[in-house]
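Here is the structure we will look at.
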Amino acid sequence: MKTVDLRSDTFTLPDDGMRKAIQAAEVGNSAFGEDPSVNRLEETIADYFGMEGGIFLPSATMAGQIAFKVWTRPGDYIIIEEYGHGYYFETGAMGLISGAMPRLLPGERGILDPDDIRDNIEHIEHHYGRAALAVLENTSNYGGGTIYPQAVLDRIFKISKSEKLPIHVDGARIWNAIVETGVDPRRVAPPNGSMSVCFSKGLGAPIGAVLLGSKDFITEARRVQGMLGGVMRQVGFMAAAAQYGFEHNMHRLEQDHTNARLIAEGLADNAAIELNPVHVKTNILYFRVRDGAKRAARLIGDLETCGVKAWNLGDLVRLVTCLNVDQQDCEYAVEKLNEMLR
Ligand SMILES: *Cc1c(COP(=O)(O)O)cnc(C)c1O
């Protein structure tokens with residue numbers, strides 16, 4: 001039986017080329033800055049985004065939480081979208097590691113409004129916590145793979161400067177945004193702040209993230225990295241996989257976006273669900289099952305029996321395309337979904 005796994009772009013497996021890159025990697029003790037593959041990756045990615053430095057880390061979760069810790073003191077608040085990964089999907093780490101509080105803002109499919117950010121920077125310090133950081137997720141995971149329009153980003157970066165509020169860009173899927181819009185990568189990196197990028201999503205590496213920022217930020221972030229046990233040794237094997245993903249798998253993300261749109265258009269006329277293909281911008285799509293969460297859960301089970309894997313969060317079903325699935329796989333998934341959603 002055919003298997004079409006649309007659960008997540010974290011299910012990718014390394015191909016032969018990536019395995020060869022892992023095998024051939026030069027390594028050393030990265031805790032002492034002596035792993036050439038790690039150093040190369042950190043320099044390549046920092047340069048790509050026009051940032052001063054980067055740190056290779058086991059996960060984007062750790063990268064984001066280190067950033068929160070560097071930018072905040074206990075009791076400070078972090079402006080973040082109400083379903084932002086760093087708040088909603090990271091087991092309360094923000095509260096534990098940083099002692100920071102979230103100031104949750106509603107997003108338009110995950111995208112924050114610049115004025116809303118500005119209006120939530122409180123100045124009367126004996127009533128409010130200190131606004132220490134704002135987080136932007138680009139692309140937005142729970143927002144359905146949505147991209148920050150450049151004009152919105154530019155306005156937020158301007159507010160960040162005038163209000164002296166650092167910005168952290170959670171760019172776990174920034175690659176998808178860059179490929180889709182063709183924007184200069186330096187324009188999506190915050191001039192005053194930090195950014196995390198992930199290699200184990202659409203780029204197909206087994207693990208890894210890079211946290212980017214200024215020289216001073218990176219010095220402080222390395223201290224927190226040590227605190228969390230995130231300092232690794234001969235991890236150049238994994239840095240080489242990430243480098244390979246960056247060099248070979250970025251441009252093919254376009255195909256993932258085409259496939260996601262193909263699925264959306266194939267389901268658009270199905271009356272059992274709510275889905276507007278116009279909202280599908282990259283490789284993630286959500287649809288709402290009109291009959292509710294139980295029906296959605298049953299659908300996931302039924303799909304599994306014909307090899308199609310997906311996730312539901314209540315009455316929402318999430319489908320994600322990545323290098324594991326090709327166009328025919330997506331056509332098969334559409335056919336099965338339409339059969340089962342009659
Ligand atoms: C997956 C994801 C992360 C965490 O990435 P890991 O490397 O799996 O820890 C962070 N932010 C967003 C938006 C994500 O989608």
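Going through the structure tokens in order, the chains are called A, B, and so on, while each chain numbers its residues from 1 and the ligands are numbered from 1 in the order shown.
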
(message) Residues within 9 Å of Ala209 in chain A, please, as number ranges by chain. Count only C-alpha atoms; anything in the same chain fewer than 5 positions from it doesn't count.
(response) A: 55-63, 172, 196-200, 242

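All residues of protein, DNA or RNA that reach within 12 Å of range 268-272 of chain A, judged by only C-alpha atoms and not counting those fewer than 4 positions away in the chain, are Arg261, Leu262, Ile263, Ala264, Asn276, Pro277, Val278, His279, Val280, Leu285, Tyr286, Phe287, Arg288, Val289, Arg290, Asp291, Gly292, Arg295, Ala296, Leu299, Asp315, Val334, Glu335, Leu337, Asn338, Glu339, Met340, Leu341 and Arg342 of chain A.
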
With N, CA and C atoms kept, could you save the residues just selected as an mmCIF file, in the first residue's frame?
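Wrote it out as selection_21.cif, contents follow:
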data_model
loop_
_atom_site.group_PDB
_atom_site.id
_atom_site.type_symbol
_atom_site.label_atom_id
_atom_site.label_comp_id
_atom_site.auth_asym_id
_atom_site.auth_seq_id
_atom_site.Cartn_x
_atom_site.Cartn_y
_atom_site.Cartn_z
ATOM 1 N N ARG A 261 -0.753 23.728 -2.603
ATOM 2 C CA ARG A 261 -1.829 24.420 -3.332
ATOM 3 C C ARG A 261 -2.671 23.430 -4.128
ATOM 4 N N LEU A 262 -1.996 22.435 -4.696
ATOM 5 C CA LEU A 262 -2.716 21.394 -5.438
ATOM 6 C C LEU A 262 -3.724 20.689 -4.512
ATOM 7 N N ILE A 263 -3.300 20.373 -3.303
ATOM 8 C CA ILE A 263 -4.202 19.723 -2.347
ATOM 9 C C ILE A 263 -5.356 20.659 -2.013
ATOM 10 N N ALA A 264 -5.024 21.915 -1.731
ATOM 11 C CA ALA A 264 -6.056 22.888 -1.344
ATOM 12 C C ALA A 264 -7.094 23.042 -2.447
ATOM 13 N N ASN A 276 -10.122 27.689 2.285
ATOM 14 C CA ASN A 276 -9.964 28.637 1.193
ATOM 15 C C ASN A 276 -8.529 28.569 0.676
ATOM 16 N N PRO A 277 -8.370 28.039 -0.541
ATOM 17 C CA PRO A 277 -7.010 27.844 -1.080
ATOM 18 C C PRO A 277 -6.193 29.142 -1.126
ATOM 19 N N VAL A 278 -6.862 30.275 -1.152
ATOM 20 C CA VAL A 278 -6.162 31.564 -1.196
ATOM 21 C C VAL A 278 -5.251 31.723 0.020
ATOM 22 N N HIS A 279 -5.644 31.096 1.130
ATOM 23 C CA HIS A 279 -4.861 31.241 2.360
ATOM 24 C C HIS A 279 -3.638 30.329 2.416
ATOM 25 N N VAL A 280 -3.520 29.440 1.434
ATOM 26 C CA VAL A 280 -2.373 28.526 1.452
ATOM 27 C C VAL A 280 -1.187 29.212 0.773
ATOM 28 N N LEU A 285 -1.219 23.447 5.312
ATOM 29 C CA LEU A 285 -2.606 23.880 5.175
ATOM 30 C C LEU A 285 -3.469 23.240 6.254
ATOM 31 N N TYR A 286 -4.428 24.035 6.686
ATOM 32 C CA TYR A 286 -5.409 23.561 7.666
ATOM 33 C C TYR A 286 -6.776 23.627 7.035
ATOM 34 N N PHE A 287 -7.630 22.651 7.357
ATOM 35 C CA PHE A 287 -9.048 22.851 7.045
ATOM 36 C C PHE A 287 -9.895 22.455 8.243
ATOM 37 N N ARG A 288 -11.072 23.065 8.326
ATOM 38 C CA ARG A 288 -11.980 22.800 9.423
ATOM 39 C C ARG A 288 -13.025 21.787 8.970
ATOM 40 N N VAL A 289 -13.220 20.741 9.754
ATOM 41 C CA VAL A 289 -14.251 19.759 9.446
ATOM 42 C C VAL A 289 -15.559 20.273 10.043
ATOM 43 N N ARG A 290 -16.544 20.492 9.180
ATOM 44 C CA ARG A 290 -17.776 21.148 9.639
ATOM 45 C C ARG A 290 -18.491 20.361 10.729
ATOM 46 N N ASP A 291 -18.397 19.024 10.686
ATOM 47 C CA ASP A 291 -19.094 18.211 11.686
ATOM 48 C C ASP A 291 -18.330 18.088 13.002
ATOM 49 N N GLY A 292 -17.224 18.765 13.154
ATOM 50 C CA GLY A 292 -16.570 18.861 14.450
ATOM 51 C C GLY A 292 -15.404 17.908 14.688
ATOM 52 N N ARG A 295 -15.608 13.958 14.255
ATOM 53 C CA ARG A 295 -15.601 13.597 12.833
ATOM 54 C C ARG A 295 -14.175 13.740 12.270
ATOM 55 N N ALA A 296 -13.467 14.786 12.711
ATOM 56 C CA ALA A 296 -12.092 15.012 12.243
ATOM 57 C C ALA A 296 -11.196 13.863 12.694
ATOM 58 N N LEU A 299 -11.905 10.847 10.664
ATOM 59 C CA LEU A 299 -11.315 11.018 9.334
ATOM 60 C C LEU A 299 -9.831 10.621 9.338
ATOM 61 N N ASP A 315 -11.233 20.211 15.605
ATOM 62 C CA ASP A 315 -11.911 20.075 14.308
ATOM 63 C C ASP A 315 -11.023 20.541 13.143
ATOM 64 N N VAL A 334 -5.721 13.691 -2.081
ATOM 65 C CA VAL A 334 -6.929 14.460 -2.389
ATOM 66 C C VAL A 334 -8.084 13.524 -2.725
ATOM 67 N N GLU A 335 -7.763 12.520 -3.539
ATOM 68 C CA GLU A 335 -8.789 11.554 -3.949
ATOM 69 C C GLU A 335 -9.390 10.869 -2.712
ATOM 70 N N LEU A 337 -9.258 11.846 0.454
ATOM 71 C CA LEU A 337 -9.947 12.823 1.321
ATOM 72 C C LEU A 337 -11.348 13.113 0.785
ATOM 73 N N ASN A 338 -11.453 13.317 -0.513
ATOM 74 C CA ASN A 338 -12.764 13.611 -1.081
ATOM 75 C C ASN A 338 -13.709 12.418 -0.972
ATOM 76 N N GLU A 339 -13.163 11.219 -1.104
ATOM 77 C CA GLU A 339 -13.982 10.007 -0.943
ATOM 78 C C GLU A 339 -14.552 9.924 0.468
ATOM 79 N N MET A 340 -13.696 10.247 1.449
ATOM 80 C CA MET A 340 -14.088 10.055 2.840
ATOM 81 C C MET A 340 -14.880 11.216 3.420
ATOM 82 N N LEU A 341 -14.831 12.308 2.738
ATOM 83 C CA LEU A 341 -15.518 13.519 3.252
ATOM 84 C C LEU A 341 -16.789 13.798 2.468
ATOM 85 N N ARG A 342 -17.467 12.763 2.091
ATOM 86 C CA ARG A 342 -18.722 12.979 1.353
ATOM 87 C C ARG A 342 -19.886 13.105 2.285
#

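Near Glu52 in chain A, within 12 Å and counting only C-alpha atoms, sit Glu42, Glu43, Thr44, Ile45, Ala46, Asp47, Tyr48, Arg186, Ala189, Pro190, Pro191, Asn192, Gly193, Ser194, Met195, Leu211, Leu212, Gly213, Ser214, Lys215, Asp216, Phe217, Ile218 and Thr219 of chain A, not including residues fewer than 4 positions from it in the same chain.
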
(message) Please list as a ChimeraX atom specification every residue within 12 Å of Leu112 in chain A, counting only C-alpha atoms and excluding residues in the same chain fewer than 2 positions away.
(response) /A:79-84,104-110,114-118,120,134-140,143,146-149,152-153,155-156

Restrict the selected residues to N, CA, C and O atoms and save them as a compact mmCIF listing (two decimals), in the first residue's frame.
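As written to disk, selection_5.txt reads:
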# COMPACT_ATOMS: atom_id res chain seq x y z
N ILE A 79 6.11 39.88 23.96
CA ILE A 79 4.96 40.02 23.07
C ILE A 79 5.03 38.92 22.02
O ILE A 79 6.03 38.78 21.31
N ILE A 80 3.98 38.12 21.97
CA ILE A 80 4.00 36.96 21.07
C ILE A 80 2.56 36.64 20.65
O ILE A 80 1.61 36.89 21.40
N GLU A 81 2.42 36.12 19.48
CA GLU A 81 1.09 35.76 18.96
C GLU A 81 0.51 34.62 19.81
O GLU A 81 1.24 33.80 20.34
N GLU A 82 -0.82 34.60 19.95
CA GLU A 82 -1.42 33.70 20.94
C GLU A 82 -1.18 32.21 20.68
O GLU A 82 -1.27 31.41 21.61
N TYR A 83 -0.90 31.85 19.44
CA TYR A 83 -0.52 30.45 19.15
C TYR A 83 0.95 30.35 18.72
O TYR A 83 1.34 29.39 18.04
N GLY A 84 1.75 31.32 19.09
CA GLY A 84 3.17 31.32 18.74
C GLY A 84 3.85 30.08 19.31
O GLY A 84 3.62 29.70 20.46
N LEU A 104 0.03 38.02 25.11
CA LEU A 104 -0.49 37.33 23.93
C LEU A 104 -1.31 38.27 23.07
O LEU A 104 -2.22 38.93 23.56
N LEU A 105 -0.99 38.32 21.80
CA LEU A 105 -1.75 39.14 20.87
C LEU A 105 -2.40 38.24 19.81
O LEU A 105 -1.80 37.26 19.38
N PRO A 106 -3.62 38.60 19.41
CA PRO A 106 -4.25 37.84 18.33
C PRO A 106 -3.54 38.14 17.01
O PRO A 106 -3.11 39.28 16.80
N GLY A 107 -3.40 37.15 16.19
CA GLY A 107 -2.78 37.38 14.88
C GLY A 107 -3.80 37.15 13.78
O GLY A 107 -4.84 36.52 13.99
N GLU A 108 -3.50 37.68 12.61
CA GLU A 108 -4.32 37.39 11.42
C GLU A 108 -3.63 36.20 10.75
O GLU A 108 -2.62 36.38 10.09
N ARG A 109 -4.15 35.00 10.99
CA ARG A 109 -3.46 33.78 10.56
C ARG A 109 -1.99 33.79 11.00
O ARG A 109 -1.09 33.53 10.21
N GLY A 110 -1.81 34.15 12.25
CA GLY A 110 -0.47 34.10 12.83
C GLY A 110 0.38 35.35 12.65
O GLY A 110 1.44 35.47 13.25
N PRO A 114 1.58 45.50 13.36
CA PRO A 114 2.61 46.38 13.94
C PRO A 114 2.07 47.35 14.99
O PRO A 114 2.68 47.54 16.04
N ASP A 115 0.89 47.95 14.72
CA ASP A 115 0.33 48.91 15.69
C ASP A 115 -0.02 48.22 17.00
O ASP A 115 0.12 48.79 18.08
N ASP A 116 -0.49 46.98 16.88
CA ASP A 116 -0.85 46.21 18.07
C ASP A 116 0.40 45.95 18.92
O ASP A 116 0.37 46.05 20.15
N ILE A 117 1.51 45.66 18.26
CA ILE A 117 2.78 45.48 18.99
C ILE A 117 3.14 46.78 19.70
O ILE A 117 3.40 46.81 20.90
N ARG A 118 3.11 47.89 18.96
CA ARG A 118 3.49 49.19 19.54
C ARG A 118 2.59 49.54 20.73
O ARG A 118 3.05 49.97 21.78
N ASN A 120 1.20 47.68 22.74
CA ASN A 120 1.39 46.78 23.90
C ASN A 120 2.75 46.95 24.57
O ASN A 120 3.11 46.14 25.42
N ALA A 134 9.69 41.19 21.34
CA ALA A 134 8.52 40.75 20.57
C ALA A 134 8.97 39.62 19.65
O ALA A 134 10.09 39.65 19.13
N VAL A 135 8.11 38.63 19.50
CA VAL A 135 8.45 37.45 18.69
C VAL A 135 7.57 37.40 17.45
O VAL A 135 6.34 37.52 17.55
N LEU A 136 8.18 37.23 16.30
CA LEU A 136 7.45 37.06 15.04
C LEU A 136 7.76 35.68 14.50
O LEU A 136 8.93 35.29 14.44
N GLU A 137 6.74 34.96 14.10
CA GLU A 137 6.94 33.62 13.56
C GLU A 137 6.75 33.66 12.04
O GLU A 137 5.65 33.93 11.56
N ASN A 138 7.82 33.38 11.31
CA ASN A 138 7.79 33.54 9.85
C ASN A 138 8.49 32.34 9.20
O ASN A 138 9.69 32.21 9.32
N THR A 139 7.73 31.42 8.57
CA THR A 139 6.30 31.45 8.42
C THR A 139 5.62 31.03 9.71
O THR A 139 6.24 30.39 10.56
N SER A 140 4.33 31.34 9.83
CA SER A 140 3.60 30.98 11.03
C SER A 140 3.05 29.55 10.89
O SER A 140 2.34 29.24 9.94
N GLY A 143 -0.64 29.45 12.05
CA GLY A 143 -1.34 30.36 11.14
C GLY A 143 -1.55 29.74 9.77
O GLY A 143 -2.22 30.31 8.91
N THR A 146 1.73 30.88 6.92
CA THR A 146 1.61 32.23 6.37
C THR A 146 2.93 33.01 6.50
O THR A 146 3.75 32.73 7.36
N ILE A 147 3.08 33.99 5.61
CA ILE A 147 4.32 34.75 5.50
C ILE A 147 4.07 36.20 5.94
O ILE A 147 3.06 36.79 5.58
N TYR A 148 4.99 36.77 6.71
CA TYR A 148 4.92 38.21 7.01
C TYR A 148 5.13 39.00 5.74
O TYR A 148 6.20 38.90 5.12
N PRO A 149 4.16 39.81 5.32
CA PRO A 149 4.41 40.69 4.16
C PRO A 149 5.58 41.62 4.49
O PRO A 149 5.72 42.06 5.63
N VAL A 152 4.91 44.83 6.34
CA VAL A 152 4.57 44.65 7.76
C VAL A 152 5.85 44.43 8.56
O VAL A 152 6.06 45.05 9.61
N LEU A 153 6.73 43.60 8.04
CA LEU A 153 8.02 43.37 8.71
C LEU A 153 8.79 44.68 8.86
O LEU A 153 9.30 45.00 9.94
N ARG A 155 7.70 47.69 8.95
CA ARG A 155 7.09 48.58 9.96
C ARG A 155 7.41 48.10 11.37
O ARG A 155 7.69 48.90 12.27
N ILE A 156 7.39 46.80 11.57
CA ILE A 156 7.71 46.27 12.91
C ILE A 156 9.18 46.56 13.25
O ILE A 156 9.49 46.96 14.37

(request) Would you please work out which residue, of A:Gly99, A:Gly129, A:Gly208, A:Gly17, is nearest to ligand 1 when using only C-alpha atoms and all ligand atoms? (result)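 The shortest atom-to-atom distance to ligand 1 comes from A:Gly208.
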
(request) Would you mind reading off the distance between CA of Tyr128 in chain A and CA of Arg103 in chain A, one decimal, in Å? (result) 11.0 Å
